[in-house]
Amino acid sequence: MLLTIYPYNQKVRTKTTDVKSILEQFFNLPVSLLGSGRLAIFLSLKLSGLSRRDHVLIPEFLSQCVLSIINQTGFPVKTFDKNTKAVLLFHELGYPQKIDEVLKEAKERNLIVIEDCAHSFDSKYKNQNVGTFGDFSAFSFSKIFPTGMGGCLLSRNSELQDQIKKLSQNSEKKINKLFGSWCNHISLNSYRGFLHPRITEICYSQYQNFFSLPKKSSNLFPQSLTELKSIIKKRKDNYTLLKNNISEDFLIPDHDPDITPNPLALPVFLPEKYLISIKKSLLAKNISADILHFDVNRNIFNPFYKKCLILPCHQYVKEEDIENIVNSIKKI
């Protein structure tokens, strides 16, 4: 089976996890469970009172699904202007933005700060978890755990949970629940490489319409705080092992002592002429590695993007996989 940057496994569990309780213990903040991380971004804007006339500052190279949902209750822009009311603080691949700099500028511009933590779980800035700095924080479970769907919204305002509950009740029709369960089944099989991409794309486009965390996703979430910590430790160990066997010249983001990333994937800044050849070399070893742009400044107000190869380092990556990755890069 192809090894991708997203985690998956073949285990099927029937015991439903008390996900909300585990996450509130982990973050020490009120948590609202949702069907997806993008829905958390939508609710952050909606509950802040933004309309389509209000601009939301976003980073370059944002995925289409996030752009689409911002468009429902705001207008995404890449440059600050007088109509900008909020900023989407994207911790790309799980590497924290330069939060002190960014929050200072956001405060000076009177912006609502929404942390996009889709790639982040346990990443820290100055030893504090990302997702605990902004007015709102959106997490996507499937990037970190093999849940297929699911996400949550964090906020220090506990009253928001009552508002979210009302919105959820209005949307929880029987047909939505059935369709949501079907989409969840499709997404899980997709992560395991069993389905045609077109079917997956259709389901993926509908995630934002389902408020509830699907039961199967809940079953596949860590079943205790202890298990959650064990999983993120395994991710961190794999990341560290991979990082320590690659030249520091290729690891620009890691030079910042303020950040402690536990990333979705490791960005490696190889000379551009080698990116495609190394990607093909890894694919021949059944390892998927994408070429993306990464903001090496990690500052949405002053970005600088460089091409990189992103390498899987999640909890299901084996030592032999890491060895194959390292050996491919050492050929440069």
# chains A, B, ... in the order shown; residues from 1 in each chain; ligands from 1
>>> residues_around(residues="Lys15 (chain A)", least_positions_apart="3", cutoff="10 Å", atoms="only C-alpha atoms", output="list in words")
Val12, Asp18, Lys215, Lys216, Ser218, Asn219, Leu220 and Gln223 of chain A
>>> residues_around(residues="Leu242 (chain A)", least_positions_apart="5", cutoff="12 Å", atoms="only C-alpha atoms", output="list of chain:residue names")
A:Arg235, A:Lys236, A:Asp237, A:Ser247, A:Glu248, A:Leu251, A:Pro263, A:Ala265, A:Leu266, A:Pro267, A:Val268, A:Ile310, A:Leu311, A:Pro312, A:Cys313, A:His314, A:Val317, A:Lys318, A:Glu319, A:Glu320, A:Asp321, A:Ile322, A:Glu323, A:Asn324, A:Ile325, A:Val326, A:Asn327, A:Ile329
>>> write_last_selection(atoms="C-alpha atoms", output="PDB file, in the first residue's frame")
ATOM      1  CA  ARG A 235       4.769  10.906  15.479  1.00  0.00           C
ATOM      2  CA  LYS A 236       7.350  13.110  17.160  1.00  0.00           C
ATOM      3  CA  ASP A 237       9.848  10.251  17.382  1.00  0.00           C
ATOM      4  CA  SER A 247      21.281  17.634   6.262  1.00  0.00           C
ATOM      5  CA  GLU A 248      20.416  20.771   8.270  1.00  0.00           C
ATOM      6  CA  LEU A 251      15.639  22.059   7.079  1.00  0.00           C
ATOM      7  CA  PRO A 263       4.303  18.207  11.931  1.00  0.00           C
ATOM      8  CA  ALA A 265       4.962  16.116   7.212  1.00  0.00           C
ATOM      9  CA  LEU A 266       8.601  17.165   7.091  1.00  0.00           C
ATOM     10  CA  PRO A 267       9.386  19.874   4.489  1.00  0.00           C
ATOM     11  CA  VAL A 268      12.775  19.365   2.859  1.00  0.00           C
ATOM     12  CA  ILE A 310       7.133  17.117   1.965  1.00  0.00           C
ATOM     13  CA  LEU A 311       7.881  13.734   3.516  1.00  0.00           C
ATOM     14  CA  PRO A 312       5.573  11.515   5.606  1.00  0.00           C
ATOM     15  CA  CYS A 313       6.528  11.148   9.274  1.00  0.00           C
ATOM     16  CA  HIS A 314       3.294  10.083  11.002  1.00  0.00           C
ATOM     17  CA  VAL A 317       5.746   5.268   9.180  1.00  0.00           C
ATOM     18  CA  LYS A 318       8.204   2.451   9.814  1.00  0.00           C
ATOM     19  CA  GLU A 319      11.949   2.715  10.326  1.00  0.00           C
ATOM     20  CA  GLU A 320      12.530   1.001   6.986  1.00  0.00           C
ATOM     21  CA  ASP A 321      10.421   3.724   5.328  1.00  0.00           C
ATOM     22  CA  ILE A 322      12.532   6.400   6.976  1.00  0.00           C
ATOM     23  CA  GLU A 323      15.673   4.619   5.816  1.00  0.00           C
ATOM     24  CA  ASN A 324      14.356   4.547   2.233  1.00  0.00           C
ATOM     25  CA  ILE A 325      13.545   8.271   2.371  1.00  0.00           C
ATOM     26  CA  VAL A 326      16.948   9.195   3.776  1.00  0.00           C
ATOM     27  CA  ASN A 327      18.829   7.041   1.249  1.00  0.00           C
ATOM     28  CA  ILE A 329      17.898  12.140  -0.467  1.00  0.00           C
TER      29      ILE A 329
END
>>> residues_around(residues="Pro303 (chain A)", least_positions_apart="2", cutoff="12 Å", atoms="only C-alpha atoms", output="JSON, numbers by chain")
{"A": [58, 59, 60, 61, 78, 79, 89, 90, 92, 97, 98, 102, 293, 294, 295, 296, 297, 298, 299, 300, 301, 305, 306]}
>>> select_by_dssp(residues="region 198-312 of chain A", states="strand (DSSP E or B)", output="VMD selection string")
chain A and resid 259 to 260 265 to 268 287 290 to 295 305 to 312
>>> atom_distance(atom1="CA of Tyr239 (chain A)", atom2="CA of Phe27 (chain A)")
22.0 Å
>>> closest_residue(among="A:Asn83, A:Ser224, A:Ser277, A:Ser155", to="Leu43 (chain A)", atoms="only C-alpha atoms")
A:Ser155
>>> closest_residue(among="A:Phe145, A:Ser230, A:Leu225, A:Leu111", to="Ser21 (chain A)", atoms="only C-alpha atoms")
A:Leu225
>>> atom_distance(atom1="CA of Phe211 (chain A)", atom2="CA of Gly35 (chain A)")
4.9 Å
